file coords06.pdb (PDB, C-alpha atoms)
ATOM      1  CA  MET A   1       0.000   0.000   0.000  1.00  0.00           C
ATOM      2  CA  LYS A   2       1.441   3.343  -1.043  1.00  0.00           C
ATOM      3  CA  MET A   3       1.200   6.088   1.564  1.00  0.00           C
ATOM      4  CA  SER A   4       0.745   9.766   0.778  1.00  0.00           C
ATOM      5  CA  LEU A   5       3.065  12.316   2.347  1.00  0.00           C
ATOM      6  CA  ARG A   6       0.193  13.384   4.592  1.00  0.00           C
ATOM      7  CA  GLN A   7      -0.228   9.841   5.888  1.00  0.00           C
ATOM      8  CA  LEU A   8       3.501   9.397   6.240  1.00  0.00           C
ATOM      9  CA  PHE A   9       3.978  12.537   8.315  1.00  0.00           C
ATOM     10  CA  ALA A  10       0.735  12.334  10.312  1.00  0.00           C
ATOM     11  CA  PRO A  11       2.418  10.530  13.241  1.00  0.00           C
ATOM     12  CA  ALA A  12       5.117  13.208  13.392  1.00  0.00           C
ATOM     13  CA  PHE A  13       2.539  15.997  13.351  1.00  0.00           C
ATOM     14  CA  LEU A  14       0.588  14.216  16.046  1.00  0.00           C
ATOM     15  CA  ALA A  15       3.697  13.798  18.168  1.00  0.00           C
ATOM     16  CA  VAL A  16       4.411  17.525  17.960  1.00  0.00           C
ATOM     17  CA  ALA A  17       0.821  18.382  18.783  1.00  0.00           C
ATOM     18  CA  LEU A  18       0.723  15.976  21.707  1.00  0.00           C
ATOM     19  CA  MET A  19       4.122  16.867  23.123  1.00  0.00           C
ATOM     20  CA  PRO A  20       2.583  19.256  25.667  1.00  0.00           C
ATOM     21  CA  LEU A  21       0.726  16.279  27.089  1.00  0.00           C
ATOM     22  CA  ALA A  22       4.048  15.048  28.376  1.00  0.00           C
ATOM     23  CA  PHE A  23       4.001  18.030  30.708  1.00  0.00           C
ATOM     24  CA  THR A  24       0.438  17.420  31.871  1.00  0.00           C
ATOM     25  CA  ALA A  25       1.650  15.010  34.547  1.00  0.00           C
ATOM     26  CA  GLN A  26       3.564  17.886  36.098  1.00  0.00           C
ATOM     27  CA  ALA A  27       0.723  20.418  35.821  1.00  0.00           C
ATOM     28  CA  ASP A  28      -0.279  20.371  39.444  1.00  0.00           C
ATOM     29  CA  HIS A  29       3.220  19.749  40.796  1.00  0.00           C
ATOM     30  CA  HIS A  30       3.534  23.493  41.295  1.00  0.00           C
ATOM     31  CA  ASP A  31       0.884  23.806  44.026  1.00  0.00           C
ATOM     32  CA  GLY A  32      -1.634  25.626  41.881  1.00  0.00           C
ATOM     33  CA  GLN A  33       0.892  27.771  40.010  1.00  0.00           C
ATOM     34  CA  GLY A  34       0.226  26.008  36.712  1.00  0.00           C
ATOM     35  CA  MET A  35      -2.885  25.606  34.630  1.00  0.00           C
ATOM     36  CA  ASP A  36      -5.775  23.562  36.004  1.00  0.00           C
ATOM     37  CA  ARG A  37      -5.331  19.913  34.974  1.00  0.00           C
ATOM     38  CA  GLU A  38      -8.812  19.682  33.448  1.00  0.00           C
ATOM     39  CA  ALA A  39      -8.356  22.926  31.528  1.00  0.00           C
ATOM     40  CA  MET A  40      -5.047  21.659  30.162  1.00  0.00           C
ATOM     41  CA  LYS A  41      -6.578  18.344  29.089  1.00  0.00           C
ATOM     42  CA  GLU A  42      -9.360  20.215  27.332  1.00  0.00           C
ATOM     43  CA  ARG A  43      -6.868  22.518  25.590  1.00  0.00           C
ATOM     44  CA  MET A  44      -4.757  19.574  24.445  1.00  0.00           C
ATOM     45  CA  GLU A  45      -7.819  17.772  23.117  1.00  0.00           C
ATOM     46  CA  GLU A  46      -8.763  20.871  21.121  1.00  0.00           C
ATOM     47  CA  ARG A  47      -5.248  21.069  19.673  1.00  0.00           C
ATOM     48  CA  ARG A  48      -5.254  17.366  18.833  1.00  0.00           C
ATOM     49  CA  GLN A  49      -8.571  17.721  17.001  1.00  0.00           C
ATOM     50  CA  GLU A  50      -7.250  20.715  15.068  1.00  0.00           C
ATOM     51  CA  VAL A  51      -4.168  18.744  14.011  1.00  0.00           C
ATOM     52  CA  TYR A  52      -6.363  15.842  12.925  1.00  0.00           C
ATOM     53  CA  GLN A  53      -8.530  18.201  10.858  1.00  0.00           C
ATOM     54  CA  ARG A  54      -5.559  19.933   9.238  1.00  0.00           C
ATOM     55  CA  ALA A  55      -4.030  16.559   8.377  1.00  0.00           C
ATOM     56  CA  GLU A  56      -7.425  15.444   7.043  1.00  0.00           C
ATOM     57  CA  LEU A  57      -7.299  12.189   8.982  1.00  0.00           C
ATOM     58  CA  SER A  58     -10.234   9.840   8.941  1.00  0.00           C
ATOM     59  CA  GLU A  59     -12.148   9.074  12.136  1.00  0.00           C
ATOM     60  CA  GLU A  60     -10.647   5.574  12.007  1.00  0.00           C
ATOM     61  CA  GLN A  61      -7.109   6.987  11.828  1.00  0.00           C
ATOM     62  CA  GLN A  62      -7.855   9.409  14.651  1.00  0.00           C
ATOM     63  CA  ALA A  63      -9.144   6.628  16.879  1.00  0.00           C
ATOM     64  CA  ALA A  64      -6.103   4.473  16.090  1.00  0.00           C
ATOM     65  CA  LEU A  65      -3.745   7.346  16.901  1.00  0.00           C
ATOM     66  CA  ASP A  66      -5.609   8.088  20.141  1.00  0.00           C
ATOM     67  CA  GLU A  67      -5.289   4.438  21.131  1.00  0.00           C
ATOM     68  CA  ALA A  68      -1.588   4.364  20.250  1.00  0.00           C
ATOM     69  CA  HIS A  69      -0.996   7.507  22.325  1.00  0.00           C
ATOM     70  CA  ALA A  70      -2.891   6.088  25.307  1.00  0.00           C
ATOM     71  CA  GLU A  71      -0.879   2.864  25.138  1.00  0.00           C
ATOM     72  CA  HIS A  72       2.366   4.829  24.896  1.00  0.00           C
ATOM     73  CA  ARG A  73       1.440   7.010  27.870  1.00  0.00           C
ATOM     74  CA  GLU A  74       0.602   3.965  29.990  1.00  0.00           C
ATOM     75  CA  ALA A  75       3.896   2.318  29.031  1.00  0.00           C
ATOM     76  CA  VAL A  76       5.880   5.458  29.888  1.00  0.00           C
ATOM     77  CA  LEU A  77       4.162   5.774  33.267  1.00  0.00           C
ATOM     78  CA  ALA A  78       4.812   2.101  34.026  1.00  0.00           C
ATOM     79  CA  LEU A  79       8.459   2.480  33.040  1.00  0.00           C
ATOM     80  CA  ARG A  80       8.798   5.581  35.251  1.00  0.00           C
ATOM     81  CA  GLU A  81       7.337   3.700  38.225  1.00  0.00           C
ATOM     82  CA  GLU A  82       9.690   0.775  37.585  1.00  0.00           C
ATOM     83  CA  HIS A  83      12.657   3.127  37.420  1.00  0.00           C
ATOM     84  CA  GLN A  84      11.647   4.929  40.615  1.00  0.00           C
ATOM     85  CA  ALA A  85      11.404   1.583  42.399  1.00  0.00           C
ATOM     86  CA  ARG A  86      14.859   0.634  41.161  1.00  0.00           C
ATOM     87  CA  VAL A  87      16.339   3.931  42.354  1.00  0.00           C
ATOM     88  CA  ALA A  88      14.704   3.322  45.740  1.00  0.00           C
ATOM     89  CA  GLU A  89      16.499  -0.040  45.876  1.00  0.00           C
ATOM     90  CA  ILE A  90      19.834   1.663  45.198  1.00  0.00           C
ATOM     91  CA  LEU A  91      19.540   4.826  47.298  1.00  0.00           C
ATOM     92  CA  SER A  92      18.036   5.495  50.714  1.00  0.00           C
ATOM     93  CA  GLU A  93      15.527   8.345  51.044  1.00  0.00           C
ATOM     94  CA  GLU A  94      18.278  10.542  52.483  1.00  0.00           C
ATOM     95  CA  GLU A  95      20.581   9.736  49.556  1.00  0.00           C
ATOM     96  CA  GLN A  96      17.788  10.425  47.083  1.00  0.00           C
ATOM     97  CA  GLN A  97      17.196  13.785  48.773  1.00  0.00           C
ATOM     98  CA  ALA A  98      20.931  14.584  48.678  1.00  0.00           C
ATOM     99  CA  LEU A  99      20.982  13.725  44.966  1.00  0.00           C
ATOM    100  CA  SER A 100      17.940  15.925  44.368  1.00  0.00           C
ATOM    101  CA  ASN A 101      19.514  18.815  46.277  1.00  0.00           C
ATOM    102  CA  ALA A 102      22.763  18.478  44.313  1.00  0.00           C
ATOM    103  CA  MET A 103      20.835  18.506  41.023  1.00  0.00           C
ATOM    104  CA  HIS A 104      18.856  21.593  42.062  1.00  0.00           C
ATOM    105  CA  GLU A 105      22.077  23.383  43.041  1.00  0.00           C
ATOM    106  CA  MET A 106      23.742  22.512  39.750  1.00  0.00           C
ATOM    107  CA  LEU A 107      20.657  23.585  37.799  1.00  0.00           C
ATOM    108  CA  ALA A 108      20.592  26.921  39.640  1.00  0.00           C
ATOM    109  CA  GLU A 109      24.298  27.434  38.883  1.00  0.00           C
ATOM    110  CA  TYR A 110      23.732  26.555  35.238  1.00  0.00           C
ATOM    111  CA  ARG A 111      20.867  29.028  34.985  1.00  0.00           C
ATOM    112  CA  GLN A 112      22.947  31.777  36.561  1.00  0.00           C
ATOM    113  CA  GLU A 113      25.755  31.122  34.083  1.00  0.00           C
ATOM    114  CA  ARG A 114      23.310  31.315  31.192  1.00  0.00           C
ATOM    115  CA  GLY A 115      21.504  34.332  32.598  1.00  0.00           C
ATOM    116  CA  HIS A 116      18.215  32.557  33.291  1.00  0.00           C
ATOM    117  CA  GLY A 117      16.098  33.263  36.308  1.00  0.00           C
ATOM    118  CA  GLY A 118      14.445  30.568  38.374  1.00  0.00           C
ATOM    119  CA  HIS A 119      11.865  29.766  35.732  1.00  0.00           C
ATOM    120  CA  GLY A 120      11.871  27.981  32.412  1.00  0.00           C
ATOM    121  CA  LYS A 121       9.731  28.701  29.374  1.00  0.00           C
ATOM    122  CA  ARG A 122       6.413  30.484  29.899  1.00  0.00           C
ATOM    123  CA  GLY A 123       7.285  31.238  33.517  1.00  0.00           C
ATOM    124  CA  HIS A 124       7.069  27.639  34.685  1.00  0.00           C
ATOM    125  CA  HIS A 125       9.628  26.073  36.953  1.00  0.00           C
ATOM    126  CA  ASP A 126      12.044  23.779  35.183  1.00  0.00           C
ATOM    127  CA  ASP A 127      11.599  20.315  36.687  1.00  0.00           C
ATOM    128  CA  ALA A 128      14.649  18.754  35.061  1.00  0.00           C
ATOM    129  CA  ALA A 129      16.315  18.183  38.408  1.00  0.00           C
ATOM    130  CA  HIS A 130      13.083  16.883  39.906  1.00  0.00           C
ATOM    131  CA  ASP A 131      12.584  14.499  36.986  1.00  0.00           C
ATOM    132  CA  MET A 132      16.153  13.253  37.305  1.00  0.00           C
ATOM    133  CA  ASN A 133      15.523  12.579  40.982  1.00  0.00           C
ATOM    134  CA  ALA A 134      12.340  10.713  40.082  1.00  0.00           C
ATOM    135  CA  GLU A 135      14.393   8.503  37.832  1.00  0.00           C
TER     136      GLU A 135
END

call {"tool": "encode", "arguments": {"input": "coords06.pdb", "output": "structure tokens"}}
result
Amino acid sequence: MKMSLRQLFAPAFLAVALMPLAFTAQADHHDGQGMDREAMKERMEERRQEVYQRAELSEEQQAALDEAHAEHREAVLALREEHQARVAEILSEEEQQALSNAMHEMLAEYRQERGHGGHGKRGHHDDAAHDMNAE
């Protein structure tokens, strides 16, 4: 079966459109500083539908992509939990906290060197150090 360019690049367009969903899990990590989780989900769904329309995907293709994304998200979450459990086997809570503190210090130093304040894009905190600790 020969695929059109639109069909070939649809997964890439979808990935770009859905990338913000990767940050949804961190939306309420900031104690109410970020967007409401439900509002963000709604916004992402609107964007996803717009991408589907622009790519002129069939309802069947849309459903298949939605299913693939859901399966991917579940797999990523399961892998993250597995990794966190493994880190907990290697490091005590105190050692994990020390590692987290060291990462935060290094991130702050890096930001100062680059002239960044304490926030990443769009005024949100950068959770790179937190994510590394979660690993």

call {"tool": "axis_aligned_box", "arguments": {"input": "coords06.pdb", "around": "segment 69-84 of chain A", "padding_each_side": "4 Å", "output": "AutoDock Vina command-line options"}}
result
--center_x 4.9 --center_y 4.1 --center_z 31.5 --size_x 23.5 --size_y 14.7 --size_z 26.3

call {"tool": "closest_residue", "arguments": {"input": "coords06.pdb", "among": "A:Leu79, A:Met106, A:Leu65, A:Ala39", "to": "Val51 of chain A", "atoms": "all atoms listed in the file"}}
result
A:Leu65

call {"tool": "atom_distance", "arguments": {"input": "coords06.pdb", "atom1": "atom CA of Glu60 of chain A", "atom2": "atom CA of Arg37 of chain A"}}
result
27.6 Å

call {"tool": "atom_distance", "arguments": {"input": "coords06.pdb", "atom1": "atom CA of Glu46 of chain A", "atom2": "atom CA of Asp66 of chain A"}}
result
13.2 Å

call {"tool": "atom_distance", "arguments": {"input": "coords06.pdb", "atom1": "atom CA of Glu89 of chain A", "atom2": "atom CA of Glu74 of chain A"}}
result
22.8 Å

call {"tool": "decode", "arguments": {"input": "coords06.pdb", "residues": "segment 56-86 of chain A", "atoms": "N, CA, C and O atoms", "output": "compact mmCIF listing (two decimals), in the first residue's frame"}}
result
# COMPACT_ATOMS: atom_id res chain seq x y z
N GLU A 56 -6.33 16.12 7.73
CA GLU A 56 -7.42 15.44 7.04
C GLU A 56 -7.42 13.94 7.31
O GLU A 56 -7.52 13.12 6.41
N LEU A 57 -7.29 13.59 8.59
CA LEU A 57 -7.30 12.19 8.98
C LEU A 57 -8.73 11.69 9.13
O LEU A 57 -9.61 12.41 9.59
N SER A 58 -8.91 10.44 8.79
CA SER A 58 -10.23 9.84 8.94
C SER A 58 -10.52 9.59 10.42
O SER A 58 -9.60 9.58 11.25
N GLU A 59 -11.77 9.37 10.74
CA GLU A 59 -12.15 9.07 12.14
C GLU A 59 -11.45 7.79 12.60
O GLU A 59 -11.04 7.68 13.75
N GLU A 60 -11.32 6.83 11.68
CA GLU A 60 -10.65 5.57 12.01
C GLU A 60 -9.17 5.82 12.36
O GLU A 60 -8.65 5.28 13.33
N GLN A 61 -8.51 6.65 11.56
CA GLN A 61 -7.11 6.99 11.83
C GLN A 61 -6.96 7.73 13.16
O GLN A 61 -6.05 7.47 13.93
N GLN A 62 -7.89 8.65 13.40
CA GLN A 62 -7.86 9.41 14.65
C GLN A 62 -7.99 8.49 15.85
O GLN A 62 -7.24 8.60 16.83
N ALA A 63 -8.93 7.57 15.78
CA ALA A 63 -9.14 6.63 16.88
C ALA A 63 -7.91 5.75 17.09
O ALA A 63 -7.50 5.51 18.23
N ALA A 64 -7.30 5.31 15.99
CA ALA A 64 -6.10 4.47 16.09
C ALA A 64 -4.95 5.26 16.72
O ALA A 64 -4.21 4.73 17.56
N LEU A 65 -4.80 6.51 16.33
CA LEU A 65 -3.75 7.35 16.90
C LEU A 65 -4.00 7.61 18.39
O LEU A 65 -3.07 7.59 19.20
N ASP A 66 -5.26 7.87 18.73
CA ASP A 66 -5.61 8.09 20.14
C ASP A 66 -5.27 6.85 20.97
O ASP A 66 -4.72 6.96 22.07
N GLU A 67 -5.58 5.69 20.43
CA GLU A 67 -5.29 4.44 21.13
C GLU A 67 -3.78 4.23 21.28
O GLU A 67 -3.29 3.86 22.34
N ALA A 68 -3.04 4.51 20.20
CA ALA A 68 -1.59 4.36 20.25
C ALA A 68 -0.99 5.31 21.29
O ALA A 68 -0.09 4.93 22.04
N HIS A 69 -1.50 6.54 21.34
CA HIS A 69 -1.00 7.51 22.32
C HIS A 69 -1.30 7.04 23.75
O HIS A 69 -0.44 7.12 24.63
N ALA A 70 -2.51 6.56 23.97
CA ALA A 70 -2.89 6.09 25.31
C ALA A 70 -2.00 4.92 25.74
O ALA A 70 -1.55 4.87 26.90
N GLU A 71 -1.75 4.00 24.82
CA GLU A 71 -0.88 2.86 25.14
C GLU A 71 0.55 3.33 25.45
O GLU A 71 1.18 2.84 26.38
N HIS A 72 1.02 4.29 24.68
CA HIS A 72 2.37 4.83 24.90
C HIS A 72 2.44 5.51 26.26
O HIS A 72 3.39 5.29 27.00
N ARG A 73 1.45 6.30 26.59
CA ARG A 73 1.44 7.01 27.87
C ARG A 73 1.45 6.02 29.03
O ARG A 73 2.20 6.18 29.99
N GLU A 74 0.64 4.98 28.93
CA GLU A 74 0.60 3.96 29.99
C GLU A 74 1.96 3.27 30.13
O GLU A 74 2.42 3.02 31.24
N ALA A 75 2.59 2.98 29.00
CA ALA A 75 3.90 2.32 29.03
C ALA A 75 4.95 3.22 29.66
O ALA A 75 5.78 2.76 30.45
N VAL A 76 4.92 4.51 29.32
CA VAL A 76 5.88 5.46 29.89
C VAL A 76 5.69 5.57 31.40
O VAL A 76 6.65 5.57 32.17
N LEU A 77 4.44 5.67 31.83
CA LEU A 77 4.16 5.77 33.27
C LEU A 77 4.62 4.52 34.00
O LEU A 77 5.19 4.60 35.09
N ALA A 78 4.38 3.36 33.40
CA ALA A 78 4.81 2.10 34.03
C ALA A 78 6.34 2.04 34.11
O ALA A 78 6.90 1.63 35.13
N LEU A 79 7.00 2.47 33.05
CA LEU A 79 8.46 2.48 33.04
C LEU A 79 9.00 3.44 34.09
O LEU A 79 9.97 3.14 34.80
N ARG A 80 8.37 4.61 34.24
CA ARG A 80 8.80 5.58 35.25
C ARG A 80 8.66 4.98 36.65
O ARG A 80 9.57 5.11 37.48
N GLU A 81 7.54 4.33 36.91
CA GLU A 81 7.34 3.70 38.22
C GLU A 81 8.39 2.62 38.48
O GLU A 81 8.93 2.52 39.59
N GLU A 82 8.68 1.83 37.46
CA GLU A 82 9.69 0.77 37.58
C GLU A 82 11.06 1.39 37.89
O GLU A 82 11.80 0.90 38.75
N HIS A 83 11.38 2.47 37.20
CA HIS A 83 12.66 3.13 37.42
C HIS A 83 12.74 3.73 38.83
O HIS A 83 13.78 3.62 39.49
N GLN A 84 11.66 4.36 39.27
CA GLN A 84 11.65 4.93 40.62
C GLN A 84 11.84 3.85 41.67
O GLN A 84 12.55 4.05 42.65
N ALA A 85 11.23 2.70 41.46
CA ALA A 85 11.40 1.58 42.40
C ALA A 85 12.85 1.10 42.40
O ALA A 85 13.41 0.80 43.47
N ARG A 86 13.46 1.07 41.24
CA ARG A 86 14.86 0.63 41.16
C ARG A 86 15.78 1.62 41.86
O ARG A 86 16.72 1.22 42.57
